[in-house]
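For reference, the structure discussed in these notes is given below.
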Amino acid sequence: MGYNFKIQRFKGDRTYEENFTIDKKFITLLEALIYIRENLDSSVGFDFNCKSGICGACAIRVDEKEKLACKFKLEDKKSYSLKPLKYYKVQRDLRVAKDKNYSILKESKAFLISYKNEILNSEDEKLNKIQSDCILCGSCFSSCPVLEVNQNFKGPFALTRVYRYIIDKREASNQSLEIIQKDGIWDCTLCGECTLVCPQGIDPKSDILNLRSKSLQAGFSDPNFMNMNFGFSF
């Protein structure tokens, strides 16, 4: 019985890993982290709130994969590597500042821009129900390889939120569709990592593909297409 946790920690400009071994039985990773902070080292930094997978505050990387600590089930006699989410400013150890989530959504205009008076029926509500379940945990953002080379990329959660409103029949504007043409839908590699790590079962990859289709229908085109070399010379 027991676990070993290798937690990535920060002291000044120095990054290091610290091991914590626990000879107790826990169901979830969050339970173990709370035990570490209350009994072994009160300075270990991590976030949590609802403890039920609704708020997204406890998202971290477990063995390099994004997980919600409150939903991650521990296996007995196993070692785990724990790191903070990528592309966010680390506040302390596993705790990151997620205020950029809201600025990205604002820049992407991921909301109803020009309201049209329409009544939604049950079928309309089903169209964007899954996208509406996004808890902004940041898991998809952290898993995205595009952000390694383009820090201005809007990221999966912003694009899937734009799609949620683009398909809302109350939306009368294509403004958000125009905004995501740059550093948005055409920059995505469609690797699907965001879909794999989403704790809510949202599929940003499919949403981005649908946004590309809607963009083409609206008269937009892939800006990278003009820079492609097809081997022709004139």
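Numbering starts fresh at 1 for the residues of each chain in the structure tokens, the chains themselves are lettered A, B, ... in the order given, and ligands are numbered from 1 as they appear.
For Leu33 (chain A), the set of protein, DNA and RNA residues having any atom at most 10 Å away, when counting only C-alpha atoms and skipping those fewer than 5 positions along the same chain, is Phe5, Ile7, Phe20, Phe26, Thr28, Glu38, Asn39, Leu40, Val44, Gly45, Phe46, Asp47, Ala69 and Cys70 of chain A.
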Would you output that residue set with C-alpha atoms, as a compact mmCIF listing (two decimals), in the first residue's frame?
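File again.txt, as written:
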# COMPACT_ATOMS: atom_id res chain seq x y z
CA PHE A 5 4.75 11.47 -5.95
CA ILE A 7 6.19 17.03 -7.65
CA PHE A 20 6.80 12.49 -1.37
CA PHE A 26 -6.40 7.18 -1.22
CA THR A 28 -8.15 10.24 -5.85
CA GLU A 38 -1.75 19.03 5.66
CA ASN A 39 0.75 16.45 6.98
CA LEU A 40 4.06 16.58 5.10
CA VAL A 44 3.15 22.63 -1.60
CA GLY A 45 1.05 24.71 -3.96
CA PHE A 46 -1.96 23.42 -5.90
CA ASP A 47 -5.54 24.52 -6.55
CA ALA A 69 -6.74 15.76 -9.69
CA CYS A 70 -10.18 15.28 -8.13
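Shell of Arg9 (chain A) at 8 Å, with only C-alpha atoms counted and residues fewer than 6 places along the chain excluded, is Thr15, Tyr16, Glu17, Glu18, Val44, Arg92, Asp93 and Leu94 of chain A.
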Using 9 Å as the limit and counting only C-alpha atoms, can you tabulate each residue of region 8-69 of chain A that touches region 135-145 of chain A, with its shortest atom-to-atom distance in Å and the two atoms involved, as JSON lines?
{"residue": "A:Gly53", "atom": "CA", "partner": "A:Ile135", "partner_atom": "CA", "distance": 8.9}
{"residue": "A:Ile54", "atom": "CA", "partner": "A:Ile135", "partner_atom": "CA", "distance": 6.7}
{"residue": "A:Cys55", "atom": "CA", "partner": "A:Ile135", "partner_atom": "CA", "distance": 6.0}
{"residue": "A:Gly56", "atom": "CA", "partner": "A:Cys137", "partner_atom": "CA", "distance": 4.1}
{"residue": "A:Ala57", "atom": "CA", "partner": "A:Cys137", "partner_atom": "CA", "distance": 6.1}
{"residue": "A:Cys58", "atom": "CA", "partner": "A:Cys137", "partner_atom": "CA", "distance": 7.8}
{"residue": "A:Ala59", "atom": "CA", "partner": "A:Cys137", "partner_atom": "CA", "distance": 6.0}
{"residue": "A:Ile60", "atom": "CA", "partner": "A:Ser139", "partner_atom": "CA", "distance": 7.6}
{"residue": "A:Arg61", "atom": "CA", "partner": "A:Ser139", "partner_atom": "CA", "distance": 8.4}
{"residue": "A:Lys65", "atom": "CA", "partner": "A:Ser143", "partner_atom": "CA", "distance": 7.6}
{"residue": "A:Glu66", "atom": "CA", "partner": "A:Ser139", "partner_atom": "CA", "distance": 5.4}
{"residue": "A:Lys67", "atom": "CA", "partner": "A:Ser139", "partner_atom": "CA", "distance": 7.1}
{"residue": "A:Leu68", "atom": "CA", "partner": "A:Cys137", "partner_atom": "CA", "distance": 8.3}
For C-alpha atoms, I'd like the residues from the last selection saved as a PDB file, in the first residue's frame.
ATOM      1  CA  GLY A  53     -14.926  17.735 -11.539  1.00  0.00           C
ATOM      2  CA  ILE A  54     -17.115  20.786 -12.101  1.00  0.00           C
ATOM      3  CA  CYS A  55     -14.866  23.810 -11.503  1.00  0.00           C
ATOM      4  CA  GLY A  56     -11.676  22.667 -13.288  1.00  0.00           C
ATOM      5  CA  ALA A  57      -9.414  24.344 -10.715  1.00  0.00           C
ATOM      6  CA  CYS A  58      -7.375  21.208  -9.940  1.00  0.00           C
ATOM      7  CA  ALA A  59      -6.175  20.486 -13.494  1.00  0.00           C
ATOM      8  CA  ILE A  60      -2.487  19.485 -13.586  1.00  0.00           C
ATOM      9  CA  ARG A  61      -0.224  17.201 -15.632  1.00  0.00           C
ATOM     10  CA  LYS A  65      -0.961  14.086 -19.398  1.00  0.00           C
ATOM     11  CA  GLU A  66      -3.519  16.701 -18.362  1.00  0.00           C
ATOM     12  CA  LYS A  67      -5.891  15.440 -15.657  1.00  0.00           C
ATOM     13  CA  LEU A  68      -8.283  16.757 -13.022  1.00  0.00           C
TER      14      LEU A  68
END
| message | My list of candidates is A:Tyr163, A:Phe220, A:Phe72, A:Phe157. Which is closest to Thr195 (chain A) when distances are computed with only C-alpha atoms? | response |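 Of all the options, A:Phe157 lies closest to Thr195 (chain A).
Between CA of Gly192 (chain A) and CA of Leu209 (chain A) the interatomic distance comes to 11.2 Å.
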| request: Using DSSP on the backbone, list every residue of region 23-217 of chain A that comes out as alpha helix (DSSP H), and give them as a ChimeraX atom specification. | output: /A:29-35,99-108,122-127,129-132,139-143,156-166,175-179,193-197,204-217
Same residues, C-alpha atoms, saved as an mmCIF file, in the first residue's frame:
data_model
loop_
_atom_site.group_PDB
_atom_site.id
_atom_site.type_symbol
_atom_site.label_atom_id
_atom_site.label_comp_id
_atom_site.auth_asym_id
_atom_site.auth_seq_id
_atom_site.Cartn_x
_atom_site.Cartn_y
_atom_site.Cartn_z
ATOM 1 C CA LEU A 29 -4.996 12.223 -6.499
ATOM 2 C CA LEU A 30 -6.545 15.315 -4.921
ATOM 3 C CA GLU A 31 -7.013 13.445 -1.635
ATOM 4 C CA ALA A 32 -3.309 12.589 -1.662
ATOM 5 C CA LEU A 33 -2.279 16.164 -2.446
ATOM 6 C CA ILE A 34 -4.390 17.494 0.411
ATOM 7 C CA TYR A 35 -2.773 14.931 2.719
ATOM 8 C CA ASP A 99 -6.678 34.751 -15.967
ATOM 9 C CA LYS A 100 -5.494 34.533 -19.590
ATOM 10 C CA ASN A 101 -8.452 32.194 -20.278
ATOM 11 C CA TYR A 102 -10.854 35.093 -20.003
ATOM 12 C CA SER A 103 -8.730 37.505 -22.032
ATOM 13 C CA ILE A 104 -8.475 34.920 -24.831
ATOM 14 C CA LEU A 105 -12.252 34.428 -24.840
ATOM 15 C CA LYS A 106 -12.745 38.195 -24.928
ATOM 16 C CA GLU A 107 -10.278 38.665 -27.809
ATOM 17 C CA SER A 108 -11.933 35.803 -29.715
ATOM 18 C CA SER A 122 -34.958 21.415 -27.439
ATOM 19 C CA GLU A 123 -33.201 20.496 -30.694
ATOM 20 C CA ASP A 124 -31.450 23.867 -30.790
ATOM 21 C CA GLU A 125 -30.237 23.365 -27.238
ATOM 22 C CA LYS A 126 -28.800 19.943 -28.101
ATOM 23 C CA LEU A 127 -26.650 21.477 -30.857
ATOM 24 C CA LYS A 129 -24.996 21.506 -25.163
ATOM 25 C CA ILE A 130 -21.618 19.736 -25.143
ATOM 26 C CA GLN A 131 -19.638 22.906 -25.966
ATOM 27 C CA SER A 132 -21.537 24.729 -23.206
ATOM 28 C CA SER A 139 -6.314 20.986 -20.034
ATOM 29 C CA CYS A 140 -6.833 21.334 -23.790
ATOM 30 C CA PHE A 141 -4.755 24.522 -23.864
ATOM 31 C CA SER A 142 -1.875 22.825 -22.030
ATOM 32 C CA SER A 143 -1.945 19.793 -24.338
ATOM 33 C CA PRO A 156 -8.868 24.803 -28.359
ATOM 34 C CA PHE A 157 -11.201 26.060 -25.620
ATOM 35 C CA ALA A 158 -11.591 29.484 -27.275
ATOM 36 C CA LEU A 159 -12.281 27.975 -30.692
ATOM 37 C CA THR A 160 -14.794 25.465 -29.375
ATOM 38 C CA ARG A 161 -16.520 28.298 -27.472
ATOM 39 C CA VAL A 162 -16.673 30.370 -30.674
ATOM 40 C CA TYR A 163 -18.255 27.401 -32.422
ATOM 41 C CA ARG A 164 -20.828 27.129 -29.623
ATOM 42 C CA TYR A 165 -22.063 30.646 -30.441
ATOM 43 C CA ILE A 166 -21.613 30.510 -34.214
ATOM 44 C CA GLN A 175 -17.554 38.786 -36.528
ATOM 45 C CA SER A 176 -16.101 36.040 -34.351
ATOM 46 C CA LEU A 177 -15.674 33.868 -37.447
ATOM 47 C CA GLU A 178 -13.541 36.617 -38.973
ATOM 48 C CA ILE A 179 -11.431 36.976 -35.820
ATOM 49 C CA GLU A 193 -4.662 15.959 -28.160
ATOM 50 C CA CYS A 194 -7.212 18.498 -26.902
ATOM 51 C CA THR A 195 -10.042 16.051 -27.491
ATOM 52 C CA LEU A 196 -8.215 13.271 -25.630
ATOM 53 C CA VAL A 197 -7.657 15.285 -22.447
ATOM 54 C CA PRO A 204 -12.436 20.677 -30.065
ATOM 55 C CA LYS A 205 -10.852 18.997 -33.086
ATOM 56 C CA SER A 206 -14.278 18.389 -34.657
ATOM 57 C CA ASP A 207 -15.443 21.881 -33.667
ATOM 58 C CA ILE A 208 -12.421 23.396 -35.428
ATOM 59 C CA LEU A 209 -13.107 21.338 -38.543
ATOM 60 C CA ASN A 210 -16.702 22.582 -38.491
ATOM 61 C CA LEU A 211 -15.476 26.160 -38.086
ATOM 62 C CA ARG A 212 -13.242 25.706 -41.130
ATOM 63 C CA SER A 213 -16.240 24.509 -43.117
ATOM 64 C CA LYS A 214 -18.355 27.458 -41.985
ATOM 65 C CA SER A 215 -15.482 29.820 -42.793
ATOM 66 C CA LEU A 216 -15.258 28.538 -46.359
ATOM 67 C CA GLN A 217 -19.026 28.898 -46.736
#
| field | Test item, strand (DSSP E) assignment across region 16-202 of chain A, answer as number ranges by chain | value | A: 16-22, 59-62, 65-68, 78-83, 89-92, 95-97
